[in-house]
Amino acid sequence: MSRRSLYYKFLLGYLVFGLLGFLIISTFASKMTYEHLISQQADLLYDEASQMALDCSAVYRGSDADLETVADQLSIISPSLQSEIWVVNRDGSVAADSTGGTRKGLTVDFDPISIANQNYGIGNFYGAFSYDVLSVSAPITGNYTTYGYVLVHMPLSQIAASRDGILNILYITSGIIYVLSLIILLVFTQTVYFPLKKITAGANEYAAGNLKYRIEISSRDEMGYLADTLNYMSDKLDQMEEYQRTFIANVSHDFRSPLTSIKGYLEAILDGTIPPEMQEKYLTRVITETERLNKLTQGMLTLNSLDKKGLLTRTNFDINRVIKDTAASFEVICGKKDISFDLTFADNIQMVYADLGKIQQVLYNLIDNAIKFSHSGSTIYIQAFPRHEKIFVSVKDTGIGIPKNSLKKIWERFYKTDLSRGKDKSGTGLGLSIVKEIVQSHGENIDVISTEGVGTEFIFSLPRSTNL
């Protein structure tokens, strides 16, 4: 029930709207229409009564016409007005009427002031009628004298019939509009309710751990956008979950190997399998494995710190000097493998605005990789050159290269290509991940160009210093 509450609320609101609309029409509209028709008919009857009073004035002033002639005229006019017309004397006696004289001689306690205040009155006219009528009076005057009154009585049933006719049209029109408004309910059902049910079902699936569930909504509105956003979110969560599984597996594997070696060597020393004269050699291997573990731990800590924003300490420094100093730190290793550096700089000084320590780490990892996978007697080319508002740094080797199907994976944590596994015994598979995280944390990019068996080139950008 709660899942459908929004729909039922909308449906209930729709029904309440229809009911309230009907009640308003049947009460307020009915009353307003009735009052309007009474006022309108009163004005019309008063105009007619005034004209007849003007005609009757000649009779009372002694012209040739008489009240019999007036009665005939009243009989002719009465049907068109759907009313009964009287001519009464000042004492309230009926002198002529439109009913053929049936009212003649009738005396009513007529008080013209009671009607004159609003030009009409409503009731049975002092008991003269058995039903309610709308009564309008107009004085018959002449020579500054009031001789009598013309009274027009219209049954209220006539006005009620007119009101009901208007209301029937209004009811029918409102009913048609109400039925047509069902289209709104249908549109709401199709465009909001059904998609919302699918989105709710998808959210429940995600909460249950089924991140591969897809919300099938193809509309191009807000619901479609929300569904696409949730599908994108589920894909990313699924990728993150897969990454976490891979991460744990890789960490377990990379920790297990050195720990197994350390345990094996130490047990062999303790049980005498390794003679005393050989213990120094194997203890050295134990130290090497612990250094590998320490390197792996430091790499993981570095990546964790890079995942957090706002940890860069930017300064202005000469990238040429940093490249020279970092390359010099590999002098001993390069000497053993007979590897040389070729440093090329576009200017003597090229200032950048970045985190010095982290850029040193980027250069160290890239140069370290280049040395590991270069052949003896080869050259590593390092360049730094400006382009627009950037300084680009290139580290290029002529080593074993990277297979094409591995180029997109080299940035993944703990990933090692099949070609590198035999070359990089002490590597953790975190170096390039750290490099990419550092470069991206500066808002810059790093690209790789590699051909298997030819070599690899890494190019990354840094922002130029504006304080020159």
# chains A, B, ... in the order shown; residues from 1 in each chain; ligands from 1
>>> select_by_dssp(residues="range 317-355 of chain A", states="alpha helix (DSSP H)", output="PyMOL selection string")
chain A and resi 319-328+331-337
>>> select_by_dssp(residues="range 224-455 of chain A", states="strand (DSSP E or B)", output="PyMOL selection string")
chain A and resi 314-318+340-345+351-355+379-387+390-397+446-451+455
>>> closest_residue(among="A:Met154, A:Leu266, A:Val395, A:Ile199", to="Asp342 in chain A", atoms="only C-alpha atoms")
A:Val395
>>> residues_around(residues="Tyr213 in chain A", least_positions_apart="2", cutoff="12 Å", atoms="only C-alpha atoms", output="ChimeraX atom specification")
/A:198-199,201-211,215-216,227,230-235,237-238
